[in-house]
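Listing of input39.txt, compact mmCIF, C-alpha atoms
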# COMPACT_ATOMS: atom_id res chain seq x y z
CA MET R 1 0.00 0.00 0.00
CA ASN R 2 1.25 3.49 -0.83
CA THR R 3 1.42 5.04 2.67
CA GLU R 4 1.72 8.60 1.42
CA ARG R 5 -1.34 8.21 -0.81
CA PHE R 6 -3.29 6.51 2.01
CA ASN R 7 -2.50 9.33 4.43
CA ALA R 8 -3.45 11.96 1.85
CA GLN R 9 -6.78 10.21 1.34
CA ARG R 10 -7.40 10.16 5.10
CA VAL R 11 -6.68 13.89 5.33
CA GLN R 12 -9.04 14.58 2.44
CA ASP R 13 -11.75 12.39 3.98
CA ARG R 14 -11.45 14.27 7.26
CA CYS R 15 -11.69 17.58 5.42
CA ILE R 16 -14.79 16.43 3.59
CA ASP R 17 -16.38 15.28 6.87
CA GLU R 18 -15.70 18.72 8.34
CA PHE R 19 -17.12 20.45 5.26
CA ILE R 20 -20.28 18.32 5.42
CA GLY R 21 -20.68 19.26 9.07
CA MET R 22 -20.29 22.93 8.21
CA CYS R 23 -22.93 22.63 5.48
CA GLN R 24 -25.32 20.99 7.91
CA GLY R 25 -24.72 23.72 10.46
CA VAL R 26 -25.16 26.50 7.91
CA ILE R 27 -28.67 25.41 6.88
CA ALA R 28 -29.77 24.25 10.34
CA ASP R 29 -31.77 27.45 10.75
CA ASN R 30 -33.22 27.05 7.24
CA GLU R 31 -31.37 30.03 5.81
CA ILE R 32 -27.89 31.10 4.73
CA ASN R 33 -26.14 34.45 4.81
CA GLU R 34 -23.18 35.87 2.91
CA ALA R 35 -20.72 35.22 5.74
CA GLU R 36 -21.72 31.55 5.89
CA LYS R 37 -21.39 31.20 2.13
CA ASN R 38 -17.89 32.70 2.28
CA MET R 39 -16.99 30.37 5.16
CA LEU R 40 -17.86 27.34 3.01
CA ILE R 41 -15.83 28.71 0.09
CA LYS R 42 -12.87 29.25 2.40
CA LYS R 43 -13.09 25.69 3.75
CA ILE R 44 -13.13 24.19 0.26
CA ARG R 45 -10.06 26.22 -0.70
CA GLU R 46 -8.19 25.39 2.51
CA CYS R 47 -8.78 21.69 1.89
CA LYS R 48 -7.94 22.02 -1.82
CA LEU R 49 -11.28 20.46 -2.78
CA GLU R 50 -12.09 22.89 -5.60
CA LEU R 51 -11.53 20.20 -8.24
CA HIS R 52 -12.95 17.26 -6.28
CA THR R 53 -15.34 15.52 -8.69
CA LEU R 54 -18.35 15.65 -6.38
CA ILE R 55 -17.64 18.94 -4.59
CA ASN R 56 -16.60 21.08 -7.56
CA PRO R 57 -20.21 21.63 -8.76
CA LEU R 58 -21.25 23.00 -5.36
CA TYR R 59 -18.08 25.09 -5.17
CA SER R 60 -18.81 26.56 -8.61
CA TYR R 61 -22.32 27.36 -7.46
CA LEU R 62 -21.06 29.02 -4.26
CA ILE R 63 -18.68 31.35 -6.10
CA SER R 64 -21.27 32.31 -8.70
CA ASN R 65 -23.79 35.12 -8.39
CA ASN R 66 -26.68 32.85 -7.48
CA SER R 67 -29.11 34.01 -4.82
CA LEU R 68 -28.63 32.83 -1.25
CA ASP R 69 -31.96 31.01 -1.39
CA ASP R 70 -30.82 29.09 -4.47
CA ILE R 71 -27.50 28.30 -2.78
CA LYS R 72 -29.38 26.94 0.25
CA THR R 73 -31.34 24.63 -2.05
CA GLU R 74 -28.14 23.40 -3.70
CA ILE R 75 -26.60 22.69 -0.28
CA GLU R 76 -29.72 20.70 0.65
CA ASN R 77 -29.35 18.69 -2.55
CA PHE R 78 -25.67 18.17 -1.81
CA LEU R 79 -26.46 16.89 1.67
CA GLY R 80 -28.98 14.40 0.35
CA LEU R 81 -31.95 16.23 1.83
CA ASN R 82 -33.36 16.25 -1.68
CA PHE R 83 -31.53 13.28 -3.14
CA GLU R 84 -33.84 12.95 -6.13
CA SER R 85 -31.89 15.85 -7.62
CA TYR R 86 -28.59 14.55 -8.97
CA GLN R 87 -27.81 17.91 -10.53
CA VAL R 88 -25.71 19.35 -7.72
CA MET R 89 -23.55 16.23 -7.68
CA GLN R 90 -23.03 16.56 -11.42
CA ILE R 91 -23.51 12.85 -11.85
CA PRO R 92 -24.56 12.78 -15.50
CA LEU R 93 -27.08 9.97 -15.51
CA ASP R 94 -27.35 8.50 -18.98
CA ASP R 95 -30.70 8.97 -20.67
CA ILE R 96 -31.07 5.59 -22.34
CA ASP R 97 -34.13 3.83 -23.75
CA GLU R 98 -32.88 0.29 -23.39
CA ILE R 99 -30.71 -1.47 -20.84
CA ASN R 100 -28.91 -4.53 -22.15
CA LEU R 101 -28.68 -7.31 -19.60
CA GLU R 102 -27.33 -10.48 -21.20
CA ASN R 103 -23.68 -10.92 -20.18
CA LYS R 104 -23.42 -7.24 -19.22
CA HIS R 105 -21.46 -6.22 -16.12
CA PHE R 106 -23.43 -4.33 -13.44
CA VAL R 107 -22.18 -2.61 -10.29
CA LEU R 108 -24.77 -1.47 -7.75
CA THR R 109 -23.80 1.19 -5.25
CA GLY R 110 -25.49 3.17 -2.51
CA THR R 111 -28.69 2.47 -0.61
CA PHE R 112 -31.66 1.39 -2.70
CA CYS R 113 -35.07 2.86 -1.82
CA ASN R 114 -37.31 1.16 -4.34
CA ALA R 115 -36.04 -2.38 -4.25
CA LYS R 116 -38.10 -4.89 -2.30
CA LYS R 117 -37.45 -4.21 1.38
CA ASN R 118 -34.71 -1.83 0.21
CA ASP R 119 -32.69 -4.99 -0.38
CA ARG R 120 -29.97 -4.56 -2.99
CA SER R 121 -29.44 -8.31 -3.13
CA PHE R 122 -33.03 -8.65 -4.40
CA ILE R 123 -32.09 -6.60 -7.47
CA LYS R 124 -28.81 -8.47 -7.87
CA ASN R 125 -30.67 -11.78 -7.95
CA LEU R 126 -33.08 -10.44 -10.57
CA LEU R 127 -30.18 -9.26 -12.71
CA SER R 128 -28.55 -12.69 -12.47
CA GLU R 129 -31.82 -14.36 -13.48
CA LEU R 130 -31.92 -12.12 -16.56
CA GLY R 131 -28.37 -13.02 -17.60
CA ALA R 132 -26.46 -10.06 -16.19
CA ILE R 133 -23.16 -10.26 -14.30
CA ASN R 134 -22.90 -8.59 -10.87
CA ASP R 135 -19.52 -7.15 -9.95
CA LYS R 136 -18.39 -5.50 -6.71
CA ASN R 137 -16.27 -2.75 -8.20
CA VAL R 138 -16.18 -0.53 -11.26
CA THR R 139 -13.62 -1.67 -13.82
CA MET R 140 -13.00 -1.27 -17.53
CA LYS R 141 -15.45 -4.16 -18.02
CA THR R 142 -18.33 -2.39 -16.25
CA ASN R 143 -21.30 -1.67 -18.51
CA TYR R 144 -23.66 -0.13 -15.93
CA LEU R 145 -23.10 1.60 -12.60
CA VAL R 146 -26.48 1.79 -10.84
CA ILE R 147 -26.79 4.42 -8.10
CA GLY R 148 -29.21 3.88 -5.21
CA GLU R 149 -31.45 6.83 -4.45
CA CYS R 150 -31.58 6.74 -0.64
CA GLY R 151 -28.13 8.21 -0.21
CA LYS R 152 -26.91 10.46 2.53
CA THR R 153 -23.90 12.62 1.89
CA LYS R 154 -21.61 10.84 4.34
CA ASP R 155 -22.56 7.54 2.74
CA TRP R 156 -21.76 8.43 -0.84
CA LEU R 157 -19.37 11.35 -0.99
CA HIS R 158 -16.05 9.78 -0.01
CA SER R 159 -17.14 6.31 1.00
CA ASN R 160 -16.81 3.27 -1.23
CA SER R 161 -19.97 4.40 -3.06
CA GLY R 162 -18.53 7.83 -3.78
CA ARG R 163 -15.27 6.42 -5.04
CA LYS R 164 -17.09 4.07 -7.41
CA ILE R 165 -18.91 7.09 -8.83
CA GLU R 166 -15.68 9.07 -9.14
CA TYR R 167 -13.91 6.22 -10.92
CA ALA R 168 -16.84 5.67 -13.26
CA LEU R 169 -16.85 9.36 -14.17
CA LYS R 170 -13.11 9.19 -14.84
CA LEU R 171 -13.53 6.17 -17.13
CA LYS R 172 -16.33 7.90 -19.03
CA LYS R 173 -14.23 11.04 -19.37
CA ASP R 174 -11.30 9.02 -20.73
CA GLY R 175 -13.68 7.54 -23.29
CA ASN R 176 -12.18 4.07 -23.24
CA THR R 177 -15.17 2.21 -21.84
CA ASP R 178 -18.76 1.35 -22.67
CA LEU R 179 -20.04 2.42 -19.27
CA HIS R 180 -23.42 3.93 -18.44
CA ILE R 181 -24.33 5.57 -15.14
CA ILE R 182 -28.00 5.03 -14.35
CA SER R 183 -30.28 5.46 -11.36
CA GLU R 184 -32.02 2.81 -9.33
CA SER R 185 -35.36 4.01 -10.77
CA GLN R 186 -34.16 3.63 -14.35
CA LEU R 187 -33.08 0.05 -13.74
CA ILE R 188 -36.23 -0.92 -11.86
CA ARG R 189 -38.51 0.58 -14.51
CA PHE R 190 -36.72 -1.43 -17.18
CA VAL R 191 -36.79 -4.69 -15.19
CA GLU R 192 -40.49 -4.17 -14.44
CA LYS R 193 -41.10 -3.73 -18.17
CA ILE R 194 -39.48 -7.12 -18.77
CA TYR R 195 -41.56 -8.75 -16.03
CA ASN R 196 -44.64 -6.75 -17.08
CA LYS R 197 -45.54 -6.11 -13.45
CA SER R 198 -44.40 -4.13 -10.41
CA LEU R 199 -41.55 -5.59 -8.44
CA ASP R 200 -43.52 -4.71 -5.31
CA ASP R 201 -45.74 -7.66 -6.19
CA GLU R 202 -42.84 -10.10 -6.09
How does the structure come out when it is put into structure tokens?
Amino acid sequence: MNTERFNAQRVQDRCIDEFIGMCQGVIADNEINEAEKNMLIKKIRECKLELHTLINPLYSYLISNNSLDDIKTEIENFLGLNFESYQVMQIPLDDIDEINLENKHFVLTGTFCNAKKNDRSFIKNLLSELGAINDKNVTMKTNYLVIGECGKTKDWLHSNSGRKIEYALKLKKDGNTDLHIISESQLIRFVEKIYNKSLDDE
């Protein structure tokens, strides 16, 4: 293990935890002022997180001329208080009509809301039944990264889930992979279409 890299990751993780805590504190009274906005900007810069894949969009929003009310909403999205909005995380979900399953490699990450009993293994078993291959980690072979929609910031931002998202985004940016990032809802809608019934009835 590269000790220097491991220690740098631990420092970054601690910084992100502190930044999340600051964000939570800032909107605890359901409003944000200019001083609080500047405090968040300062923290991002001190921790050198300006270019962090999942923090950069919020940073860009903070330094723009958006209204404080709009910034509060973006912070709520960032914290997972409105997790249906992926926009603040800049996770470009692929808008696809069909999801190929046969012999395709799937990685599921995050907490699933819509799966039966919120059980990710239930979806994994369905995928296997339909000929898909379930993998633990994103690799060059991955065809679909499926993101659960019950995330909380501490769960996804720099945890294993967050790193899977970051790596998937990097692979897509490099353009050397046939990888799609889709949501839990997209996958479930498609599987339900195959079964021609709601998975809640299973």
Using all atoms listed in the file, which residues sit within 9 Å of R:Leu93 once same-chain residues fewer than 4 positions away are excluded, as a list in words?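 Listing them by chain and then by number gives Tyr86, His180, Ile181, Ile182 and Ser183 of chain R.
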What lies within 9 Å of stretch 118-135 of chain R using all atoms listed in the file, ignoring chain neighbours under 2 positions off, as a VMD selection string? chain R and resid 100 to 116 137 to 139 142 148 188 191
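Close contacts of stretch 63-68 of chain R, defined as residues with an atom at most 9 Å away when counting all atoms listed in the file, with chain neighbours fewer than 6 positions off set aside, comprise R:Glu31, R:Ile32, R:Asn33, R:Glu34, R:Lys37, R:Asn38, R:Ile41.
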Atom pair atom CA of R:Ile194 / atom CA of R:Thr177: separation (Å):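 Going from atom CA of R:Ile194 over to atom CA of R:Thr177 covers 26.2 Å.
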Just the number, please: distance in Å from atom CA of R:Val26 to atom CA of R:Thr73, one decimal.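 Calculated distance between atom CA of R:Val26 and atom CA of R:Thr73 is 11.9 Å.
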Atom CA of R:Ile147 to atom CA of R:Ala28: how many Å, to one decimal?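 So the answer is 27.2 Å.
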Centre and edge lengths, as AutoDock Vina command-line options, for the axis-aligned box enclosing every listed atom of stretch 7-21 of chain R with 8 Å of padding on each of the six sides, in Å to one decimal?
--center_x -11.6 --center_y 14.9 --center_z 5.2 --size_x 34.2 --size_y 27.1 --size_z 23.7
